[in-house]
Amino acid sequence: MANHTQIAVIGGGLVGKATAVAAANAGFSTLHVAPEAPVDRRTSALMGPSVDYMIEAGLIGDPETLGVPLTNIQIIDATNRLLRAPETMFSASEFGHRAFGWNFANARLGESFSKAAAGSERLDLRAATLESARRGEGVWHLELSDGGTLTADLLVGADGKGSSVRKAAGIAVRERKFEQAALVCDLVLGRGLDGESVEFHYPNGPFTLVPAGGNRANLVWIDRLETLEDARREPEHLVTLLNQKTNHLFGSISVASPSFVFPLSLLSVDVAGRDAAVLVGESAHAFPPIGAQGLNLGLRDVASLHACLKVANPRSYGWAEAVARGYGTARRGDLTRTGAFVGGLFTSLLSPHLPAQALRSVGLWALKTSPLLRKHAISFGMGQ
Ligand SMILES: Cc1cc2nc3c(=O)[nH]c(=O)nc-3n(C[C@H](O)[C@H](O)[C@H](O)COP(=O)(O)OP(=O)(O)OC[C@H]3O[C@@H](n4cnc5c(N)ncnc54)[C@H](O)[C@@H]3O)c2cc1C
């Protein structure tokens, strides 16, 4: 059939790129519909299992050459609340790991994923957006912004929070938008972090420094949107605030990149796959960036879809419906658990109510003192 592909992947973020490579490597003719996009200036802390998947799938080579190992995580309650949580430290060595994971620049990961895509024979790239998708006669009929039309057996939405694929597949979504946003930029510190990620908890959200190699650090500062916009109005003003927020713990601080602000929301779907359509990454789930869960969960989506595709038989009638159904069922537990964990943690961090603050303090005391709880918490955080 002319202009037919077995799988169409929509969206050129990191999850879309990884999915297109996985689909082609599983043996399916794949079209990746990905418009030109501005460089993604974020960084991602990716845990051991995500890194293992990227290596196995040929998306990256040695993580040491691309990222910086994360060996310790420190949590500091910097609020003036009546009930403050204890300072808590986790070391990868305590759990038998060399590192919890690696911190990568998204732009470098994207380049590495694109290189893997370029080497894949069954994968074609189209620099266009999806304009419409309709299902009929057992296939998806797609219209693209460059005027092209095609049909696909399986449609994959990797097209972010406002997903067109999700709408076309009629999958219900719940989204809660927060008044908080996240400011990111690169910093140079007087004293380097030496593999340690330091998270200060403030009443309007965490302020996190992630090691980026040598004396460099990536900042993820969650606060009210107007506070962040005010903070970045002048470079000197931003540096003064950064010194206050870090309690001058790292000596001098300078800002080494432009800053960017991202709106935050909590988004979940009823099901991540049905009617020969599947959702991966932020088209299926989004959270505030705490506990480094978003892209880790997105890569678990990709690994799960990859596993479903490897056992699918494209010669059998209805294979794409079966893959979507199987994937939707396989992802249900992880999406529900991770969404509830991050949503609950974020709400408890911001809560002005004493019972929620007490619960969080007790939780952190328990994590500080109970080896078994620490082990469970770390396994969960690493997506194991
Ligand atoms: C400040 C911040 C820090 C973060 N830090 C971490 C971290 O440390 N660890 C972690 O695991 N996660 C982290 N995350 C989350 C992580 O960045 C996201 O989960 C991940 O980047 C989502 O990737 P995605 O490909 O699903 O979506 P996106 O990157 O949003 O990509 C969606 C793509 O779809 C395209 N698109 C949209 N509509 C169409 C259409 N109609 N046709 C074709 N294409 C379309 C868009 O152009 C875009 O390129 C962080 C997030 C933020 C905001």
# chains A, B, ... in the order shown; residues from 1 in each chain; ligands from 1

$ closest_atom_pairs --of "chain A" --to "ligand 1" --cutoff "7 Å" --atoms "only C-alpha atoms and all ligand atoms" --output "Markdown table"
| residue | atom | partner | partner_atom_place_in_ligand_line | distance |
| --- | --- | --- | --- | --- |
| A:Ile10 | CA | ligand 1 | 43 (C) | 4.9 |
| A:Gly11 | CA | ligand 1 | 34 (O) | 3.5 |
| A:Gly12 | CA | ligand 1 | 49 (O) | 4.3 |
| A:Gly13 | CA | ligand 1 | 25 (O) | 3.5 |
| A:Leu14 | CA | ligand 1 | 25 (O) | 4.4 |
| A:Val15 | CA | ligand 1 | 25 (O) | 3.8 |
| A:Gly16 | CA | ligand 1 | 25 (O) | 5.2 |
| A:Val33 | CA | ligand 1 | 43 (C) | 5.7 |
| A:Ala34 | CA | ligand 1 | 44 (N) | 5.0 |
| A:Pro35 | CA | ligand 1 | 44 (N) | 5.7 |
| A:Ala37 | CA | ligand 1 | 47 (O) | 5.8 |
| A:Arg42 | CA | ligand 1 | 3 (C) | 5.8 |
| A:Thr43 | CA | ligand 1 | 5 (N) | 5.8 |
| A:Ser44 | CA | ligand 1 | 8 (O) | 3.4 |
| A:Ala45 | CA | ligand 1 | 8 (O) | 3.8 |
| A:Leu46 | CA | ligand 1 | 11 (O) | 5.5 |
| A:Ala128 | CA | ligand 1 | 43 (C) | 6.4 |
| A:Thr129 | CA | ligand 1 | 42 (N) | 3.5 |
| A:Leu130 | CA | ligand 1 | 42 (N) | 3.9 |
| A:Glu131 | CA | ligand 1 | 41 (N) | 6.0 |
| A:Ala158 | CA | ligand 1 | 26 (O) | 5.5 |
| A:Asp159 | CA | ligand 1 | 34 (O) | 3.3 |
| A:Gly160 | CA | ligand 1 | 32 (C) | 3.9 |
| A:Lys161 | CA | ligand 1 | 30 (O) | 6.5 |
| A:Gly162 | CA | ligand 1 | 38 (N) | 6.8 |
| A:Ser163 | CA | ligand 1 | 38 (N) | 5.9 |
| A:Ser164 | CA | ligand 1 | 41 (N) | 5.5 |
| A:Ala182 | CA | ligand 1 | 1 (C) | 5.2 |
| A:Leu183 | CA | ligand 1 | 1 (C) | 6.4 |
| A:Val184 | CA | ligand 1 | 1 (C) | 5.8 |
| A:Val220 | CA | ligand 1 | 1 (C) | 5.9 |
| A:Phe262 | CA | ligand 1 | 53 (C) | 5.4 |
| A:Leu264 | CA | ligand 1 | 53 (C) | 6.9 |
| A:Val280 | CA | ligand 1 | 26 (O) | 6.4 |
| A:Gly281 | CA | ligand 1 | 26 (O) | 3.5 |
| A:Glu282 | CA | ligand 1 | 26 (O) | 3.9 |
| A:Ser283 | CA | ligand 1 | 26 (O) | 6.2 |
| A:Ala286 | CA | ligand 1 | 19 (O) | 6.5 |
| A:Pro288 | CA | ligand 1 | 53 (C) | 6.8 |
| A:Pro289 | CA | ligand 1 | 4 (C) | 4.8 |
| A:Ala292 | CA | ligand 1 | 9 (N) | 3.8 |
| A:Gln293 | CA | ligand 1 | 11 (O) | 4.3 |
| A:Gly294 | CA | ligand 1 | 19 (O) | 3.7 |
| A:Leu295 | CA | ligand 1 | 11 (O) | 3.4 |
| A:Asn296 | CA | ligand 1 | 11 (O) | 4.1 |
| A:Leu297 | CA | ligand 1 | 11 (O) | 6.7 |
| A:Gly298 | CA | ligand 1 | 19 (O) | 6.2 |

$ residues_around --residues "Phe28 of chain A" --least-positions-apart "6" --cutoff "10 Å" --atoms "only C-alpha atoms" --output "NGL selection string"
:A and (5-7 or 20 or 22 or 122-123 or 309-310 or 314)

$ select_by_dssp --residues "segment 167-244 of chain A" --states "strand (DSSP E or B)" --output "VMD selection string"
chain A and resid 173 to 189 196 to 202 205 to 211 216 to 224

$ write_last_selection --atoms "N, CA and C atoms" --output "compact mmCIF listing (two decimals), in the first residue's frame"
# COMPACT_ATOMS: atom_id res chain seq x y z
N VAL A 173 -8.45 12.74 29.84
CA VAL A 173 -7.27 13.25 30.55
C VAL A 173 -7.71 14.10 31.73
N ARG A 174 -6.92 14.06 32.82
CA ARG A 174 -7.15 14.96 33.95
C ARG A 174 -5.90 15.80 34.10
N GLU A 175 -6.07 17.13 34.19
CA GLU A 175 -4.88 17.98 34.37
C GLU A 175 -5.15 19.02 35.44
N ARG A 176 -4.20 19.12 36.39
CA ARG A 176 -4.28 20.16 37.42
C ARG A 176 -3.08 21.07 37.23
N LYS A 177 -3.38 22.35 36.90
CA LYS A 177 -2.27 23.29 36.67
C LYS A 177 -1.92 23.96 38.00
N PHE A 178 -0.62 24.13 38.27
CA PHE A 178 -0.18 24.75 39.52
C PHE A 178 0.19 26.21 39.30
N GLU A 179 0.13 26.99 40.40
CA GLU A 179 0.60 28.38 40.26
C GLU A 179 2.13 28.42 40.33
N GLN A 180 2.74 27.30 40.72
CA GLN A 180 4.20 27.21 40.73
C GLN A 180 4.72 26.90 39.33
N ALA A 181 5.95 27.31 39.07
CA ALA A 181 6.64 26.98 37.81
C ALA A 181 8.06 26.55 38.20
N ALA A 182 8.85 26.14 37.21
CA ALA A 182 10.24 25.74 37.50
C ALA A 182 11.20 26.60 36.69
N LEU A 183 12.18 27.18 37.38
CA LEU A 183 13.23 27.94 36.68
C LEU A 183 14.46 27.04 36.58
N VAL A 184 15.03 26.95 35.37
CA VAL A 184 16.26 26.17 35.22
C VAL A 184 17.36 27.06 34.63
N CYS A 185 18.58 26.84 35.10
CA CYS A 185 19.76 27.47 34.48
C CYS A 185 21.01 26.75 34.98
N ASP A 186 22.14 27.03 34.34
CA ASP A 186 23.41 26.43 34.75
C ASP A 186 24.14 27.41 35.65
N LEU A 187 24.80 26.85 36.67
CA LEU A 187 25.55 27.70 37.61
C LEU A 187 26.99 27.22 37.70
N VAL A 188 27.87 28.16 38.09
CA VAL A 188 29.23 27.76 38.48
C VAL A 188 29.36 28.13 39.96
N LEU A 189 29.74 27.13 40.77
CA LEU A 189 29.81 27.32 42.23
C LEU A 189 31.27 27.45 42.67
N GLU A 196 26.99 15.15 44.38
CA GLU A 196 25.86 15.21 45.31
C GLU A 196 24.76 16.15 44.80
N SER A 197 23.53 15.65 44.80
CA SER A 197 22.39 16.50 44.46
C SER A 197 21.83 17.05 45.76
N VAL A 198 21.68 18.37 45.84
CA VAL A 198 21.23 18.99 47.10
C VAL A 198 19.88 19.64 46.89
N GLU A 199 18.91 19.22 47.71
CA GLU A 199 17.53 19.68 47.55
C GLU A 199 17.12 20.47 48.79
N PHE A 200 16.93 21.79 48.66
CA PHE A 200 16.44 22.61 49.78
C PHE A 200 14.92 22.69 49.64
N HIS A 201 14.20 22.36 50.70
CA HIS A 201 12.74 22.47 50.63
C HIS A 201 12.28 23.79 51.21
N TYR A 202 11.65 24.60 50.38
CA TYR A 202 11.09 25.88 50.80
C TYR A 202 9.56 25.80 50.73
N GLY A 205 8.14 25.33 47.30
CA GLY A 205 8.66 24.27 46.44
C GLY A 205 10.15 24.07 46.63
N PRO A 206 10.69 22.96 46.12
CA PRO A 206 12.11 22.68 46.29
C PRO A 206 13.01 23.52 45.39
N PHE A 207 14.22 23.69 45.86
CA PHE A 207 15.27 24.43 45.15
C PHE A 207 16.42 23.43 45.07
N THR A 208 16.68 22.90 43.88
CA THR A 208 17.59 21.75 43.78
C THR A 208 18.81 22.08 42.92
N LEU A 209 19.98 21.69 43.44
CA LEU A 209 21.23 21.82 42.67
C LEU A 209 21.66 20.41 42.29
N VAL A 210 21.86 20.19 40.99
CA VAL A 210 22.25 18.86 40.51
C VAL A 210 23.65 18.97 39.93
N PRO A 211 24.56 18.03 40.29
CA PRO A 211 25.94 18.14 39.81
C PRO A 211 26.03 18.01 38.29
N ARG A 216 30.41 22.94 38.11
CA ARG A 216 29.13 23.33 37.50
C ARG A 216 27.97 22.61 38.17
N ALA A 217 26.80 23.28 38.16
CA ALA A 217 25.59 22.66 38.70
C ALA A 217 24.41 23.11 37.86
N ASN A 218 23.39 22.26 37.79
CA ASN A 218 22.13 22.65 37.14
C ASN A 218 21.14 22.98 38.23
N LEU A 219 20.51 24.14 38.10
CA LEU A 219 19.51 24.56 39.09
C LEU A 219 18.11 24.22 38.59
N VAL A 220 17.29 23.63 39.47
CA VAL A 220 15.84 23.50 39.22
C VAL A 220 15.17 24.13 40.44
N TRP A 221 14.61 25.31 40.24
CA TRP A 221 14.01 26.07 41.35
C TRP A 221 12.50 26.16 41.11
N ILE A 222 11.74 25.55 42.02
CA ILE A 222 10.28 25.60 41.90
C ILE A 222 9.75 26.66 42.86
N ASP A 223 8.96 27.57 42.33
CA ASP A 223 8.38 28.63 43.15
C ASP A 223 7.20 29.22 42.38
N ARG A 224 6.53 30.21 42.98
CA ARG A 224 5.44 30.86 42.24
C ARG A 224 6.00 31.51 40.99

$ select_by_dssp --residues "segment 218-254 of chain A" --states "helix (DSSP H, G or I)" --output "PyMOL selection string"
chain A and resi 225-231+235-245

$ closest_residue --among "A:Ala78, A:Val261, A:Lys245, A:Met54" --to "Glu229 of chain A" --atoms "only C-alpha atoms"
A:Val261

$ closest_residue --among "A:Pro63, A:Gly101, A:Gly273, A:Gly213" --to "Ala169 of chain A" --atoms "only C-alpha atoms"
A:Gly273

$ residues_around --residues "segment 137-147 of chain A" --least-positions-apart "2" --cutoff "12 Å" --atoms "only C-alpha atoms" --output "PyMOL selection string"
chain A and resi 1+3-10+31-35+126-135+149-156+164-165+168-169+275-277+317-321

$ atom_distance --atom1 "atom CA of Ile75 of chain A" --atom2 "atom CA of Thr246 of chain A"
12.3 Å

$ atom_distance --atom1 "atom CA of Gly96 of chain A" --atom2 "atom CA of Ala57 of chain A"
24.8 Å

$ residues_around --residues "His248 of chain A" --least-positions-apart "6" --cutoff "12 Å" --atoms "only C-alpha atoms" --output "CSV table (one decimal) with C-alpha atoms, in the first residue's frame"
chain,number,residue,atom,x,y,z
A,189,LEU,CA,29.8,27.3,42.2
A,190,GLY,CA,32.8,28.3,44.3
A,191,ARG,CA,32.7,24.7,45.8
A,239,VAL,CA,22.7,35.9,42.0
A,240,THR,CA,21.7,37.6,45.3
A,241,LEU,CA,18.7,35.3,45.6
A,242,LEU,CA,20.7,32.2,44.8

$ closest_residue --among "A:Ala272, A:Val68, A:Val342, A:Met89" --to "Asp301 of chain A" --atoms "only C-alpha atoms"
A:Ala272

$ atom_distance --atom1 "atom CA of Arg331 of chain A" --atom2 "atom CA of Ser348 of chain A"
25.6 Å

$ closest_residue --among "A:Gly61, A:Gly48, A:Gly326, A:Gly343" --to "Leu267 of chain A" --atoms "only C-alpha atoms"
A:Gly343

$ residues_around --residues "Ala92 of chain A" --least-positions-apart "6" --cutoff "7 Å" --atoms "only C-alpha atoms" --output "PyMOL selection string"
chain A and resi 71-72+98-100

$ write_last_selection --atoms "C-alpha atoms" --output "PDB file, in the first residue's frame"
ATOM      1  CA  THR A  71      26.310   9.489  44.003  1.00  0.00           C
ATOM      2  CA  ASN A  72      24.539  11.251  46.921  1.00  0.00           C
ATOM      3  CA  ARG A  98      28.252   3.154  42.322  1.00  0.00           C
ATOM      4  CA  ALA A  99      25.699   5.850  41.419  1.00  0.00           C
ATOM      5  CA  PHE A 100      21.918   6.305  41.619  1.00  0.00           C
TER       6      PHE A 100
END

$ closest_residue --among "A:Thr329, A:Thr88, A:Asn243, A:Thr338" --to "Ser268 of chain A" --atoms "only C-alpha atoms"
A:Thr338

$ decode --residues "segment 117-160 of chain A" --atoms "C-alpha atoms" --output "tab-separated table (two decimals), in the first residue's frame"
chain	number	residue	atom	x	y	z
A	117	ALA	CA	17.73	6.94	14.58
A	118	ALA	CA	19.91	7.85	11.58
A	119	GLY	CA	21.48	4.38	11.68
A	120	SER	CA	18.12	2.58	11.63
A	121	GLU	CA	17.01	1.19	8.24
A	122	ARG	CA	13.28	0.90	8.90
A	123	LEU	CA	12.93	4.42	10.27
A	124	ASP	CA	11.99	7.52	8.25
A	125	LEU	CA	11.86	11.03	9.66
A	126	ARG	CA	9.36	13.67	8.53
A	127	ALA	CA	9.84	17.27	9.76
A	128	ALA	CA	6.13	18.07	10.01
A	129	THR	CA	3.33	18.21	12.57
A	130	LEU	CA	0.28	15.98	12.73
A	131	GLU	CA	-2.72	18.02	11.60
A	132	SER	CA	-5.45	15.37	11.96
A	133	ALA	CA	-5.87	11.68	12.74
A	134	ARG	CA	-8.98	9.58	12.05
A	135	ARG	CA	-9.49	5.87	12.43
A	136	GLY	CA	-11.41	3.96	9.74
A	137	GLU	CA	-11.22	0.69	7.75
A	138	GLY	CA	-8.88	-0.77	10.38
A	139	VAL	CA	-6.11	1.87	10.03
A	140	TRP	CA	-5.29	5.42	11.14
A	141	HIS	CA	-5.60	8.10	8.42
A	142	LEU	CA	-3.15	10.92	9.08
A	143	GLU	CA	-2.81	14.41	7.59
A	144	LEU	CA	0.47	16.26	8.07
A	145	SER	CA	1.32	19.97	8.02
A	146	ASP	CA	3.46	19.54	4.85
A	147	GLY	CA	0.34	18.42	2.92
A	148	GLY	CA	1.26	14.72	3.11
A	149	THR	CA	-1.30	12.04	3.95
A	150	LEU	CA	-0.68	8.46	5.03
A	151	THR	CA	-2.15	5.51	6.84
A	152	ALA	CA	-0.66	3.68	9.84
A	153	ASP	CA	-1.57	0.48	11.68
A	154	LEU	CA	-0.39	1.74	15.08
A	155	LEU	CA	-0.36	5.41	16.10
A	156	VAL	CA	1.99	6.48	18.91
A	157	GLY	CA	1.45	9.81	20.66
A	158	ALA	CA	4.72	11.23	21.99
A	159	ASP	CA	3.36	14.71	21.39
A	160	GLY	CA	3.48	16.13	24.90
